[in-house]
$ cat work.cif   # mmCIF, C-alpha atoms
data_model
#
loop_
_atom_site.label_atom_id
_atom_site.label_comp_id
_atom_site.auth_asym_id
_atom_site.auth_seq_id
_atom_site.Cartn_x
_atom_site.Cartn_y
_atom_site.Cartn_z
CA MET P 1 85.09 -32.40 -172.41
CA THR P 2 87.90 -33.62 -170.19
CA GLY P 3 87.55 -30.52 -168.03
CA GLY P 4 83.85 -31.29 -167.50
CA ALA P 5 84.63 -34.85 -166.43
CA VAL P 6 87.29 -33.64 -163.98
CA TYR P 7 84.90 -31.03 -162.57
CA ALA P 8 82.10 -33.59 -162.12
CA GLY P 9 84.50 -36.06 -160.51
CA ASN P 10 85.76 -33.40 -158.11
CA ARG P 11 82.23 -32.45 -157.08
CA ALA P 12 81.28 -36.10 -156.57
CA HIS P 13 84.36 -36.68 -154.42
CA ARG P 14 83.63 -33.63 -152.26
CA ARG P 15 80.02 -34.73 -151.78
CA TRP P 16 81.15 -38.24 -150.83
CA ALA P 17 83.76 -36.89 -148.37
CA LEU P 18 81.18 -34.60 -146.72
CA ARG P 19 78.73 -37.50 -146.41
CA GLN P 20 81.40 -39.70 -144.81
CA HIS P 21 82.29 -36.89 -142.39
CA ARG P 22 78.66 -36.53 -141.33
CA ARG P 23 78.11 -40.30 -140.98
CA GLN P 24 81.32 -41.09 -139.10
CA LEU P 25 81.76 -38.03 -136.88
CA VAL P 26 78.87 -35.58 -136.76
CA GLN P 27 75.86 -37.90 -136.42
CA PRO P 28 77.33 -40.19 -133.73
CA LEU P 29 78.51 -37.17 -131.73
CA MET P 30 75.09 -35.55 -132.07
CA LYS P 31 73.39 -38.73 -130.79
CA SER P 32 75.76 -38.83 -127.83
CA LEU P 33 75.21 -35.16 -126.94
CA SER P 34 71.45 -34.96 -127.43
CA GLY P 35 70.68 -36.74 -124.15
CA PRO P 36 73.00 -34.86 -121.78
CA LEU P 37 72.17 -31.49 -123.40
CA GLN P 38 68.42 -32.25 -123.38
CA LEU P 39 68.06 -31.33 -127.04
CA PRO P 40 64.69 -31.71 -128.75
CA ILE P 41 64.05 -34.90 -130.71
CA GLY P 42 65.22 -34.52 -134.28
CA ALA P 43 67.49 -31.55 -133.52
CA SER P 44 69.71 -30.63 -136.43
CA ALA P 45 73.44 -31.12 -135.99
CA ASP P 46 74.00 -28.01 -138.12
CA THR P 47 72.46 -25.90 -135.36
CA TRP P 48 74.30 -27.42 -132.40
CA LEU P 49 77.68 -28.61 -133.69
CA VAL P 50 80.61 -27.35 -135.72
CA VAL P 51 82.98 -30.25 -136.34
CA PRO P 52 86.13 -29.69 -138.44
CA ARG P 53 86.44 -31.85 -141.53
CA ASN P 54 90.08 -32.59 -140.73
CA PRO P 55 90.34 -32.97 -136.94
CA ALA P 56 94.04 -33.85 -137.12
CA GLN P 57 94.90 -30.42 -138.56
CA GLN P 58 96.70 -28.06 -136.20
CA GLY P 59 94.34 -25.54 -134.58
CA SER P 60 91.11 -27.49 -135.21
CA ILE P 61 88.37 -26.81 -132.66
CA THR P 62 85.00 -28.47 -132.25
CA ARG P 63 82.25 -26.07 -131.19
CA VAL P 64 79.16 -27.14 -129.26
CA ASN P 65 76.33 -24.60 -129.02
CA LEU P 66 74.68 -25.11 -125.65
CA PRO P 67 70.91 -24.60 -125.39
CA ASP P 68 69.65 -21.68 -123.27
CA HIS P 69 67.78 -23.98 -120.89
CA TRP P 70 70.88 -26.07 -120.13
CA ALA P 71 72.51 -24.96 -116.90
CA GLY P 72 75.39 -27.38 -116.77
CA GLU P 73 77.39 -27.82 -113.62
CA GLU P 74 81.13 -28.32 -113.82
CA TYR P 75 80.83 -32.12 -113.82
CA GLN P 76 78.25 -31.95 -116.64
CA GLN P 77 80.52 -29.74 -118.72
CA LEU P 78 83.35 -32.20 -118.11
CA ALA P 79 81.11 -35.07 -119.27
CA ILE P 80 80.31 -33.17 -122.49
CA ALA P 81 84.01 -32.51 -123.07
CA ARG P 82 84.75 -36.23 -122.56
CA LEU P 83 82.06 -37.23 -125.07
CA VAL P 84 83.54 -34.89 -127.66
CA ASP P 85 87.04 -36.17 -126.90
CA ARG P 86 85.87 -39.77 -127.31
CA TRP P 87 84.48 -39.15 -130.79
CA ILE P 88 86.83 -36.44 -132.02
CA LYS P 89 90.32 -35.98 -130.64
CA VAL P 90 90.36 -32.17 -130.83
CA PRO P 91 89.78 -29.45 -128.25
CA MET P 92 86.18 -28.36 -127.63
CA GLU P 93 84.76 -24.88 -127.27
CA ALA P 94 81.27 -24.39 -125.80
CA SER P 95 79.18 -21.37 -126.63
#

$ encode --input "work.cif" --output "structure tokens"
Amino acid sequence: MTGGAVYAGNRAHRRWALRQHRRQLVQPLMKSLSGPLQLPIGASADTWLVVPRNPAQQGSITRVNLPDHWAGEEYQQLAIARLVDRWIKVPMEAS
């Protein structure tokens, strides 16, 4: 019975941590990027972003999937990189 309680508590903690990650990092970053990238309204962050759960960890990289129609100039790519840097202090990789 104790094992079941520990298992349920662990699952609840993981779900809470994932929710906090999405609310504090992923959703604000997605809102910031949707305008400059000209993403459709209601675009899913799962499709366009990969944000590490622990950005402070060595080797963490944020990935932004660029839409096919977006032909960003160098200054636009720099603006996207600055937005990512403002929200998440890890290097960005665009694909």

$ residues_around --input "work.cif" --residues "stretch 39-50 of chain P" --least-positions-apart "5" --cutoff "6 Å" --atoms "all atoms listed in the file" --output "PyMOL selection string"
chain P and resi 34+62-65

$ closest_residue --input "work.cif" --among "P:Leu83, P:Val51, P:Leu37, P:Met30" --to "P:His69" --atoms "only C-alpha atoms"
P:Leu37

$ closest_residue --input "work.cif" --among "P:His21, P:His13, P:Lys31, P:Arg86" --to "P:Asn54" --atoms "all atoms listed in the file"
P:His21

$ atom_distance --input "work.cif" --atom1 "atom CA of P:Ala17" --atom2 "atom CA of P:Met1"
24.5 Å

$ atom_distance --input "work.cif" --atom1 "atom CA of P:Arg53" --atom2 "atom CA of P:Asn10"
16.7 Å

$ closest_residue --input "work.cif" --among "P:Arg15, P:Trp87, P:Pro67, P:Arg82" --to "P:Pro28" --atoms "all atoms listed in the file"
P:Trp87

$ atom_distance --input "work.cif" --atom1 "atom CA of P:Arg11" --atom2 "atom CA of P:Gln27"
22.3 Å
